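Report on one structure; see the data block that follows.
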Amino acid sequence: MFGTTDILMTSSPPSTFVYELSLHNKQVTTFADIRPRTARDVSINERGEVFVTTGTPDILVLNQSGTIIRKVTIGSELIKYTVCLSSGRLGVVQTIGGKSADKNIKITDESGTVIQTWTGELDNGQKVGSMCLCKMSCDKYDRVFVPDFSNNQVYVLPRDGKQAVCLLDRPHGVVKPAVVGVDTCGNVWIGCEDGTVHVMGL
């Protein structure tokens with residue numbers, strides 16, 4: 001959570017709860033219950049607001065007490081994951097045409113208006129076909145790091161770019177990446193389905 005050492009998380013399979021893990025006393029408590037919606041993913045912006053995806057086109061925004069303060073709707077496609085960028089912008093992974101294996105990334109403003117859409121364009125002129133994009137992260141430069149489970153890749157989308165860069169190549173041996181995080185030193189942590197975690201320095 002913003003300004004604390006606590007961690008907010010959702011469960012798998014999804015439930016209506018957002019949980020809080022205190023690193024101080026190692027206790028897990030319920031931060032919020034958003035029923036009848038289910039909590040799919042959680043991200044926190046620089047103002048400490050908590051953004052919770054619900055498997056719908058709506059993102060619920062909570063304060064640090066866990067109270068819903070507003071809703072952001074982005075188009076009509078289902079939102080799987082979200083990451084809070086600077087200046088109130090959001091990055092979201094949405095399905096395309098209702099197909100769970102086909103997803104894209106949209107960058108929006110605070111109101112949910114789409115500023116930019118990425119559908120697989122790469123800096124080498126190629127375009128990725130079907131993608132299974134998973135839990136993403138961003139760094140202090142607002143670059144979005146997103147794992148592609150089906151193509152064994154992590155893409156990096158620059159702040160103002162419409163083309164992504166592939167972070168991995170074959171020698172890295174990363175298989176089925178499901179989540180990525182960037183720490184304050186700029187290291188990229190990639191968690192894979194088999195339980196392995198790869199750490200890359202940029």
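Each chain in the structure tokens gets a letter, A, B, ..., in the order shown, and its residues are numbered from 1; ligands are numbered from 1 in order too.
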Sorted by chain and rising residue number, which residues of stretch 154-177 of chain A lie within 12 Å of stretch 138-141 of chain A, and what are their closest atom pairs and distances in Å to one decimal, counting only C-alpha atoms, as CSV?
residue,atom,partner,partner_atom,distance
A:Tyr155,CA,A:Cys138,CA,11.3
A:Val156,CA,A:Cys138,CA,9.0
A:Leu157,CA,A:Cys138,CA,9.3
A:Pro158,CA,A:Tyr141,CA,8.2
A:Arg159,CA,A:Tyr141,CA,7.1
A:Asp160,CA,A:Tyr141,CA,10.4
Next, dump the selected residues to file, keeping only C-alpha atoms, as a PDB file, in the first residue's frame.
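After the write, selection-v1.pdb holds the following:
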ATOM      1  CA  TYR A 155       6.928  -7.096 -23.545  1.00  0.00           C
ATOM      2  CA  VAL A 156       8.002  -3.599 -22.547  1.00  0.00           C
ATOM      3  CA  LEU A 157       5.717  -0.821 -23.740  1.00  0.00           C
ATOM      4  CA  PRO A 158       7.375   2.637 -23.517  1.00  0.00           C
ATOM      5  CA  ARG A 159       5.429   5.517 -21.997  1.00  0.00           C
ATOM      6  CA  ASP A 160       4.701   7.258 -25.291  1.00  0.00           C
TER       7      ASP A 160
END
Can you tell me, as a CSV table (one decimal) with C-alpha atoms, in the first residue's frame, what residues are no more than 7 Å from A:Val72 when counting only C-alpha atoms, ignoring any on the same chain fewer than 3 positions away?
chain,number,residue,atom,x,y,z
A,58,ASP,CA,-15.6,-1.7,-14.6
A,59,ILE,CA,-12.7,-1.0,-12.2
A,60,LEU,CA,-13.7,-0.1,-8.6
A,111,SER,CA,-11.8,8.9,-16.3
A,112,GLY,CA,-11.2,5.8,-18.4
Residues of stretch 8-197 of chain A in strand (DSSP E or B) according to DSSP, as a CSV table (one decimal) with C-alpha atoms, in the first residue's frame?
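Output below, filename states12.csv:
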chain,number,residue,atom,x,y,z
A,8,LEU,CA,-2.8,-5.8,-1.0
A,9,MET,CA,-3.7,-9.0,-2.8
A,15,SER,CA,-13.5,-14.1,-4.4
A,17,PHE,CA,-12.4,-10.0,-1.0
A,18,VAL,CA,-9.3,-7.9,-1.2
A,19,TYR,CA,-6.8,-9.0,1.4
A,20,GLU,CA,-4.1,-7.0,3.3
A,21,LEU,CA,-0.8,-8.6,4.3
A,28,VAL,CA,-3.5,-11.4,6.7
A,29,THR,CA,-6.8,-9.5,7.1
A,30,THR,CA,-9.7,-8.5,4.9
A,31,PHE,CA,-9.1,-5.1,3.5
A,32,ALA,CA,-12.4,-4.9,1.5
A,33,ASP,CA,-15.4,-7.0,0.4
A,39,ALA,CA,-11.8,-9.0,-7.0
A,41,ASP,CA,-6.5,-7.8,-9.6
A,42,VAL,CA,-5.4,-4.8,-7.5
A,43,SER,CA,-3.1,-1.8,-8.1
A,44,ILE,CA,-2.5,1.4,-6.2
A,50,VAL,CA,-6.8,1.3,-4.7
A,51,PHE,CA,-8.0,0.1,-8.1
A,52,VAL,CA,-9.7,-3.3,-8.2
A,53,THR,CA,-10.6,-5.1,-11.5
A,58,ASP,CA,-15.6,-1.7,-14.6
A,59,ILE,CA,-12.7,-1.0,-12.2
A,60,LEU,CA,-13.7,-0.1,-8.6
A,61,VAL,CA,-11.7,2.6,-6.9
A,62,LEU,CA,-11.3,2.3,-3.1
A,68,ILE,CA,-15.6,2.2,-2.7
A,69,ILE,CA,-15.4,5.9,-3.7
A,70,ARG,CA,-16.0,5.6,-7.5
A,71,LYS,CA,-16.0,3.4,-10.6
A,72,VAL,CA,-14.0,3.7,-13.8
A,73,THR,CA,-15.5,2.0,-16.9
A,79,ILE,CA,-10.7,-6.1,-17.8
A,80,LYS,CA,-8.3,-8.7,-16.5
A,81,TYR,CA,-5.4,-6.8,-15.0
A,82,THR,CA,-4.5,-3.2,-14.2
A,83,VAL,CA,-1.5,-1.1,-13.3
A,84,CYS,CA,-1.5,2.5,-12.1
A,90,LEU,CA,-4.0,3.5,-16.0
A,91,GLY,CA,-2.8,0.5,-18.0
A,92,VAL,CA,-5.3,-2.3,-18.4
A,93,VAL,CA,-5.3,-5.7,-20.1
A,94,GLN,CA,-8.6,-6.3,-21.8
A,95,THR,CA,-10.0,-9.2,-23.8
A,96,ILE,CA,-10.7,-8.9,-27.5
A,99,LYS,CA,-11.9,-14.5,-26.3
A,100,SER,CA,-9.9,-15.2,-23.2
A,101,ALA,CA,-6.7,-16.1,-25.2
A,102,ASP,CA,-6.8,-12.8,-27.1
A,103,LYS,CA,-6.0,-9.6,-25.2
A,104,ASN,CA,-4.6,-6.1,-25.7
A,105,ILE,CA,-3.4,-3.3,-23.5
A,106,LYS,CA,-5.1,0.1,-23.2
A,107,ILE,CA,-3.6,3.2,-21.6
A,108,THR,CA,-6.3,5.5,-20.2
A,114,VAL,CA,-8.5,5.5,-23.9
A,115,ILE,CA,-5.3,7.4,-24.9
A,116,GLN,CA,-3.4,4.5,-26.5
A,117,THR,CA,-4.0,0.9,-27.5
A,118,TRP,CA,-1.4,-1.8,-28.0
A,121,GLU,CA,3.1,-4.2,-32.6
A,122,LEU,CA,6.8,-4.7,-32.0
A,127,LYS,CA,3.2,-8.1,-34.8
A,133,LEU,CA,-1.3,-11.3,-21.3
A,135,LYS,CA,-0.2,-9.6,-14.4
A,137,SER,CA,3.9,-3.9,-13.7
A,138,CYS,CA,5.5,-0.6,-14.4
A,144,VAL,CA,4.7,-1.2,-18.8
A,145,PHE,CA,6.1,-4.7,-18.4
A,146,VAL,CA,3.6,-7.4,-19.4
A,147,PRO,CA,4.1,-11.1,-19.5
A,148,ASP,CA,2.7,-13.2,-22.4
A,153,GLN,CA,7.7,-13.4,-23.6
A,154,VAL,CA,7.7,-10.2,-21.6
A,155,TYR,CA,6.9,-7.1,-23.5
A,156,VAL,CA,8.0,-3.6,-22.5
A,157,LEU,CA,5.7,-0.8,-23.7
A,164,ALA,CA,6.7,-2.8,-27.6
A,165,VAL,CA,10.2,-4.3,-27.1
A,166,CYS,CA,10.6,-8.0,-26.4
A,177,PRO,CA,5.5,-16.2,-17.5
A,178,ALA,CA,2.4,-15.4,-15.4
A,179,VAL,CA,3.4,-12.2,-13.5
A,180,VAL,CA,6.0,-9.5,-13.6
A,181,GLY,CA,7.1,-6.9,-11.1
A,182,VAL,CA,9.7,-4.2,-11.1
A,187,ASN,CA,15.2,-5.2,-11.5
A,188,VAL,CA,12.5,-7.1,-13.3
A,189,TRP,CA,11.1,-10.1,-11.4
A,190,ILE,CA,9.3,-12.7,-13.6
A,191,GLY,CA,7.2,-15.4,-12.0
A,192,CYS,CA,6.4,-18.5,-14.1
A,197,VAL,CA,11.2,-16.8,-10.5
d(atom CA of A:Leu78, atom CA of A:Gly129) in Å: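 Rounded to one decimal, the two atoms are 19.3 Å apart.
Within stretch 9-174 of chain A, DSSP run on the backbone puts these residues in helix (DSSP H, G or I): A:Ser86, A:Ser87, A:Gly88, A:Arg170, A:Pro171, A:His172.
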Just-selected residues, C-alpha atoms written as a PDB file, in the first residue's frame:
ATOM      1  CA  SER A  86       1.801   8.366 -13.047  1.00  0.00           C
ATOM      2  CA  SER A  87      -0.400  11.429 -13.628  1.00  0.00           C
ATOM      3  CA  GLY A  88      -3.557   9.427 -13.007  1.00  0.00           C
ATOM      4  CA  ARG A 170      15.561 -17.954 -26.123  1.00  0.00           C
ATOM      5  CA  PRO A 171      18.647 -18.334 -23.856  1.00  0.00           C
ATOM      6  CA  HIS A 172      16.753 -16.865 -20.891  1.00  0.00           C
TER       7      HIS A 172
END
Do a neighbour search on A:Asp6 at 10 Å with only C-alpha atoms, toss out local chain neighbours closer than 4 positions, and write the hits as a PyMOL selection string. chain A and resi 1-2+20-28
For the selection you just gave me, I'd like the residues written to a file as a PDB file, in the first residue's frame, keeping N, CA and C atoms.
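This went into selection_18.pdb:
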ATOM      1  N   MET A   1       0.836  -1.189   0.000  1.00  0.00           N
ATOM      2  CA  MET A   1       0.000   0.000   0.000  1.00  0.00           C
ATOM      3  C   MET A   1       0.874   1.244   0.000  1.00  0.00           C
ATOM      4  N   PHE A   2       0.363   2.300  -0.559  1.00  0.00           N
ATOM      5  CA  PHE A   2       1.124   3.539  -0.692  1.00  0.00           C
ATOM      6  C   PHE A   2       1.538   4.076   0.673  1.00  0.00           C
ATOM      7  N   GLU A  20      -5.241  -7.863   2.913  1.00  0.00           N
ATOM      8  CA  GLU A  20      -4.088  -7.043   3.273  1.00  0.00           C
ATOM      9  C   GLU A  20      -3.114  -7.872   4.089  1.00  0.00           C
ATOM     10  N   LEU A  21      -1.868  -7.921   3.629  1.00  0.00           N
ATOM     11  CA  LEU A  21      -0.812  -8.621   4.339  1.00  0.00           C
ATOM     12  C   LEU A  21       0.079  -7.588   5.012  1.00  0.00           C
ATOM     13  N   SER A  22       0.153  -7.635   6.323  1.00  0.00           N
ATOM     14  CA  SER A  22       1.025  -6.736   7.077  1.00  0.00           C
ATOM     15  C   SER A  22       2.404  -7.373   7.196  1.00  0.00           C
ATOM     16  N   LEU A  23       3.416  -6.698   6.682  1.00  0.00           N
ATOM     17  CA  LEU A  23       4.769  -7.226   6.801  1.00  0.00           C
ATOM     18  C   LEU A  23       5.316  -7.012   8.207  1.00  0.00           C
ATOM     19  N   HIS A  24       4.619  -6.185   8.992  1.00  0.00           N
ATOM     20  CA  HIS A  24       5.051  -5.926  10.368  1.00  0.00           C
ATOM     21  C   HIS A  24       4.765  -7.131  11.264  1.00  0.00           C
ATOM     22  N   ASN A  25       3.508  -7.621  11.207  1.00  0.00           N
ATOM     23  CA  ASN A  25       3.159  -8.732  12.095  1.00  0.00           C
ATOM     24  C   ASN A  25       2.813 -10.018  11.347  1.00  0.00           C
ATOM     25  N   LYS A  26       2.994 -10.011  10.033  1.00  0.00           N
ATOM     26  CA  LYS A  26       2.775 -11.202   9.185  1.00  0.00           C
ATOM     27  C   LYS A  26       1.335 -11.692   9.216  1.00  0.00           C
ATOM     28  N   GLN A  27       0.400 -10.807   9.483  1.00  0.00           N
ATOM     29  CA  GLN A  27      -1.014 -11.162   9.548  1.00  0.00           C
ATOM     30  C   GLN A  27      -1.731 -10.791   8.255  1.00  0.00           C
ATOM     31  N   VAL A  28      -2.652 -11.649   7.831  1.00  0.00           N
ATOM     32  CA  VAL A  28      -3.504 -11.366   6.672  1.00  0.00           C
ATOM     33  C   VAL A  28      -4.902 -11.037   7.179  1.00  0.00           C
TER      34      VAL A  28
END
When you count only C-alpha atoms, which of these residues is closest to A:Thr38: A:Val199, A:Ser11, A:Gly186, A:Gln64? A:Ser11
So what do you get for atom CA of A:Arg143 versus atom CA of A:Pro13, distance-wise?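 Between atom CA of A:Arg143 and atom CA of A:Pro13 the gap works out to 28.9 Å.
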Expressed in Å, the length from atom CA of A:Met131 to atom CA of A:Phe149 is 7.5 Å
